[in-house]
Amino acid sequence: MVAGESQEQVVGRGSARRWLLILGLGLATVVVLYALGGRISAERLVKLEGELVSLREASPWVASLLALAVYVVVAALSIPGAALLSLLIGWWLGFWSGLFVVSFGSTAGATIACAVSRYLFRDWVRAKLSGRADEFVKGWERHGAVFLWSLRLVPAIPFWLVNLLMGLTTIRLRTFWWISQLAMLPATIIYVYAGSALPSLGELQQRGGRALIAPEVWIALTGLALLPLVTMAARRWLLSAEIPAS
């Protein structure tokens, strides 16, 4: 954090960078698919999509457990990309199954990462993230459990970073679990719904751009656009309310 710069400014800058990155990745994907040529991209990608859908339909429980295991491992190992993984799981499993997998998988993995940070790599995390570590510990000491709640509301703050740094505080793991579970739920709902609303490659091949004007697609895009604004406002309210620690 730059001297004289507020935490709100840092979070706002991080949010802008995240959305620019998502936009850039989307444009890059379109360019790559176009460069591959209609025949190659359509045939191979649609075939792969069909195989994934067939796996899900043939063994829905296996598909859900596989997705859950992947999410727990990714979160526990603090691998960036939780938002993208949430979108993909929503696309593959649908809204309700995807919501269950992402909500519980992310919380379980986050709790494991927090415990590992606390009991195995505490000194390493503090040394590598010394500036942010001090900021987090001070925030925890001042606001208590509501500090974690406020951090979980804002997708712009890296999911994996919160897990590691909260391991340096004195928060109980069960408190870390339930706050993370509830506070991340609104963003999880929006990301999974956005993934479930994405048209299939087959639909895009048949209908072209018309597949992207479905109402559910626009609802998902609106939710993603409003999410940073709503969560930042909620975070400011939580921190200003000075709710005592639990």
# chains A, B, ... in the order shown; residues from 1 in each chain; ligands from 1

$ select_by_dssp --residues "region 34-188 of chain A" --states "alpha helix (DSSP H)" --output "VMD selection string"
chain A and resid 34 to 36 38 to 58 60 to 76 82 to 93 95 to 119 122 to 128 130 to 143 145 to 153 159 to 166 173 to 183 185 to 188

$ write_last_selection --atoms "C-alpha atoms" --output "short mmCIF file (atom, residue, chain, number, x, y, z; two decimals), in the first residue's frame"
data_model
loop_
_atom_site.label_atom_id
_atom_site.label_comp_id
_atom_site.auth_asym_id
_atom_site.auth_seq_id
_atom_site.Cartn_x
_atom_site.Cartn_y
_atom_site.Cartn_z
CA TYR A 34 -11.63 -16.41 -34.67
CA ALA A 35 -7.98 -17.00 -35.59
CA LEU A 36 -8.41 -20.76 -35.25
CA GLY A 38 -14.67 -21.67 -37.88
CA ARG A 39 -14.20 -25.34 -38.75
CA ILE A 40 -11.49 -26.11 -36.19
CA SER A 41 -12.94 -24.12 -33.30
CA ALA A 42 -16.52 -25.19 -33.88
CA GLU A 43 -15.93 -28.89 -34.35
CA ARG A 44 -13.38 -29.49 -31.63
CA LEU A 45 -14.72 -27.16 -28.97
CA VAL A 46 -18.34 -28.19 -29.45
CA LYS A 47 -17.27 -31.84 -29.26
CA LEU A 48 -15.40 -31.21 -25.99
CA GLU A 49 -18.38 -29.35 -24.60
CA GLY A 50 -20.64 -32.25 -25.55
CA GLU A 51 -18.39 -34.73 -23.75
CA LEU A 52 -18.44 -32.63 -20.57
CA VAL A 53 -22.21 -32.32 -20.70
CA SER A 54 -22.56 -36.07 -21.28
CA LEU A 55 -20.38 -36.75 -18.22
CA ARG A 56 -22.52 -34.45 -16.10
CA GLU A 57 -25.78 -36.00 -17.30
CA ALA A 58 -24.56 -39.59 -16.94
CA PRO A 60 -24.35 -35.88 -11.85
CA TRP A 61 -23.10 -36.84 -8.38
CA VAL A 62 -19.67 -37.77 -9.73
CA ALA A 63 -19.50 -34.47 -11.62
CA SER A 64 -20.47 -32.50 -8.52
CA LEU A 65 -17.99 -34.31 -6.28
CA LEU A 66 -15.24 -33.83 -8.85
CA ALA A 67 -15.97 -30.11 -9.11
CA LEU A 68 -16.12 -29.85 -5.30
CA ALA A 69 -12.74 -31.58 -4.92
CA VAL A 70 -11.16 -29.31 -7.54
CA TYR A 71 -12.49 -26.17 -5.84
CA VAL A 72 -11.32 -27.27 -2.39
CA VAL A 73 -7.82 -28.03 -3.70
CA VAL A 74 -7.58 -24.76 -5.64
CA ALA A 75 -8.73 -22.73 -2.62
CA ALA A 76 -6.59 -24.65 -0.13
CA ALA A 82 -11.67 -18.42 -7.93
CA ALA A 83 -14.03 -16.15 -9.89
CA LEU A 84 -13.29 -17.87 -13.20
CA LEU A 85 -13.65 -21.30 -11.60
CA SER A 86 -17.03 -20.26 -10.17
CA LEU A 87 -18.21 -19.25 -13.63
CA LEU A 88 -17.04 -22.53 -15.15
CA ILE A 89 -18.71 -24.65 -12.47
CA GLY A 90 -21.94 -22.70 -12.89
CA TRP A 91 -21.79 -23.33 -16.64
CA TRP A 92 -21.08 -27.04 -16.21
CA LEU A 93 -23.34 -28.00 -13.29
CA PHE A 95 -27.18 -22.93 -10.93
CA TRP A 96 -28.29 -24.97 -7.89
CA SER A 97 -25.67 -27.71 -8.03
CA GLY A 98 -23.01 -25.15 -8.92
CA LEU A 99 -24.04 -22.90 -6.03
CA PHE A 100 -23.73 -25.74 -3.53
CA VAL A 101 -20.33 -26.82 -4.88
CA VAL A 102 -18.83 -23.33 -5.06
CA SER A 103 -20.22 -22.14 -1.72
CA PHE A 104 -19.06 -25.11 0.34
CA GLY A 105 -15.94 -25.84 -1.73
CA SER A 106 -14.65 -22.29 -1.46
CA THR A 107 -15.30 -22.11 2.29
CA ALA A 108 -13.71 -25.49 3.00
CA GLY A 109 -10.63 -24.67 0.95
CA ALA A 110 -10.38 -21.20 2.48
CA THR A 111 -10.51 -22.63 6.01
CA ILE A 112 -7.79 -25.14 5.18
CA ALA A 113 -5.61 -22.36 3.73
CA CYS A 114 -6.18 -20.22 6.84
CA ALA A 115 -5.22 -23.12 9.14
CA VAL A 116 -2.11 -23.94 7.09
CA SER A 117 -1.08 -20.29 7.14
CA ARG A 118 -1.51 -20.16 10.92
CA TYR A 119 0.05 -23.44 11.98
CA ARG A 122 2.94 -18.25 9.72
CA ASP A 123 6.46 -16.80 9.64
CA TRP A 124 6.77 -17.26 5.88
CA VAL A 125 3.45 -15.51 5.17
CA ARG A 126 4.34 -12.64 7.50
CA ALA A 127 7.76 -12.24 5.87
CA LYS A 128 6.43 -12.35 2.31
CA SER A 130 4.78 -7.96 5.77
CA GLY A 131 3.11 -4.67 4.82
CA ARG A 132 -0.29 -6.18 4.15
CA ALA A 133 0.04 -8.49 7.14
CA ASP A 134 0.38 -5.54 9.52
CA GLU A 135 -2.60 -3.83 7.87
CA PHE A 136 -4.77 -6.94 8.22
CA VAL A 137 -3.84 -7.57 11.83
CA LYS A 138 -4.60 -3.94 12.73
CA GLY A 139 -7.94 -4.17 10.92
CA TRP A 140 -8.81 -7.34 12.81
CA GLU A 141 -7.81 -5.85 16.15
CA ARG A 142 -9.93 -2.77 15.52
CA HIS A 143 -13.08 -4.28 14.00
CA ALA A 145 -15.08 -10.48 13.09
CA VAL A 146 -16.84 -7.78 11.06
CA PHE A 147 -13.49 -7.00 9.42
CA LEU A 148 -13.44 -10.44 7.76
CA TRP A 149 -17.09 -10.04 6.79
CA SER A 150 -16.29 -6.74 5.07
CA LEU A 151 -13.35 -8.26 3.19
CA ARG A 152 -15.41 -11.20 1.96
CA LEU A 153 -18.01 -8.85 0.51
CA PHE A 159 -9.78 -14.53 -2.10
CA TRP A 160 -6.52 -16.41 -1.49
CA LEU A 161 -4.82 -13.39 0.09
CA VAL A 162 -7.56 -13.00 2.69
CA ASN A 163 -7.26 -16.69 3.59
CA LEU A 164 -3.51 -16.48 4.19
CA LEU A 165 -3.50 -13.20 6.07
CA MET A 166 -6.42 -14.04 8.32
CA LEU A 173 -11.48 -21.25 12.55
CA ARG A 174 -15.17 -21.96 13.08
CA THR A 175 -15.84 -18.21 13.09
CA PHE A 176 -13.74 -17.87 9.95
CA TRP A 177 -15.82 -20.64 8.36
CA TRP A 178 -19.31 -19.32 8.99
CA ILE A 179 -18.48 -15.70 8.24
CA SER A 180 -16.83 -16.71 4.97
CA GLN A 181 -19.76 -18.97 4.08
CA LEU A 182 -22.36 -16.24 4.55
CA ALA A 183 -20.42 -13.18 3.44
CA LEU A 185 -22.75 -16.05 -0.69
CA PRO A 186 -24.05 -12.95 -2.57
CA ALA A 187 -21.02 -12.86 -4.88
CA THR A 188 -21.12 -16.64 -5.24
#

$ atom_distance --atom1 "CA of Trp237 (chain A)" --atom2 "CA of Ala194 (chain A)"
26.7 Å

$ residues_around --residues "Leu221 (chain A)" --least-positions-apart "4" --cutoff "10 Å" --atoms "only C-alpha atoms" --output "VMD selection string"
chain A and resid 190 to 191 193 to 194 197 215 to 217 225 to 227

$ write_last_selection --atoms "C-alpha atoms" --output "compact mmCIF listing (two decimals), in the first residue's frame"
# COMPACT_ATOMS: atom_id res chain seq x y z
CA ILE A 190 -23.99 -13.88 -8.98
CA TYR A 191 -20.91 -15.64 -10.37
CA TYR A 193 -25.73 -17.62 -12.05
CA ALA A 194 -23.63 -15.82 -14.65
CA ALA A 197 -26.63 -18.27 -18.00
CA PRO A 215 -32.76 -12.13 -20.66
CA GLU A 216 -30.80 -14.35 -18.26
CA VAL A 217 -27.52 -13.31 -19.90
CA ALA A 225 -21.53 -4.90 -13.14
CA LEU A 226 -23.33 -3.83 -9.95
CA LEU A 227 -21.51 -6.24 -7.64

$ atom_distance --atom1 "CA of Pro155 (chain A)" --atom2 "CA of Thr231 (chain A)"
8.1 Å
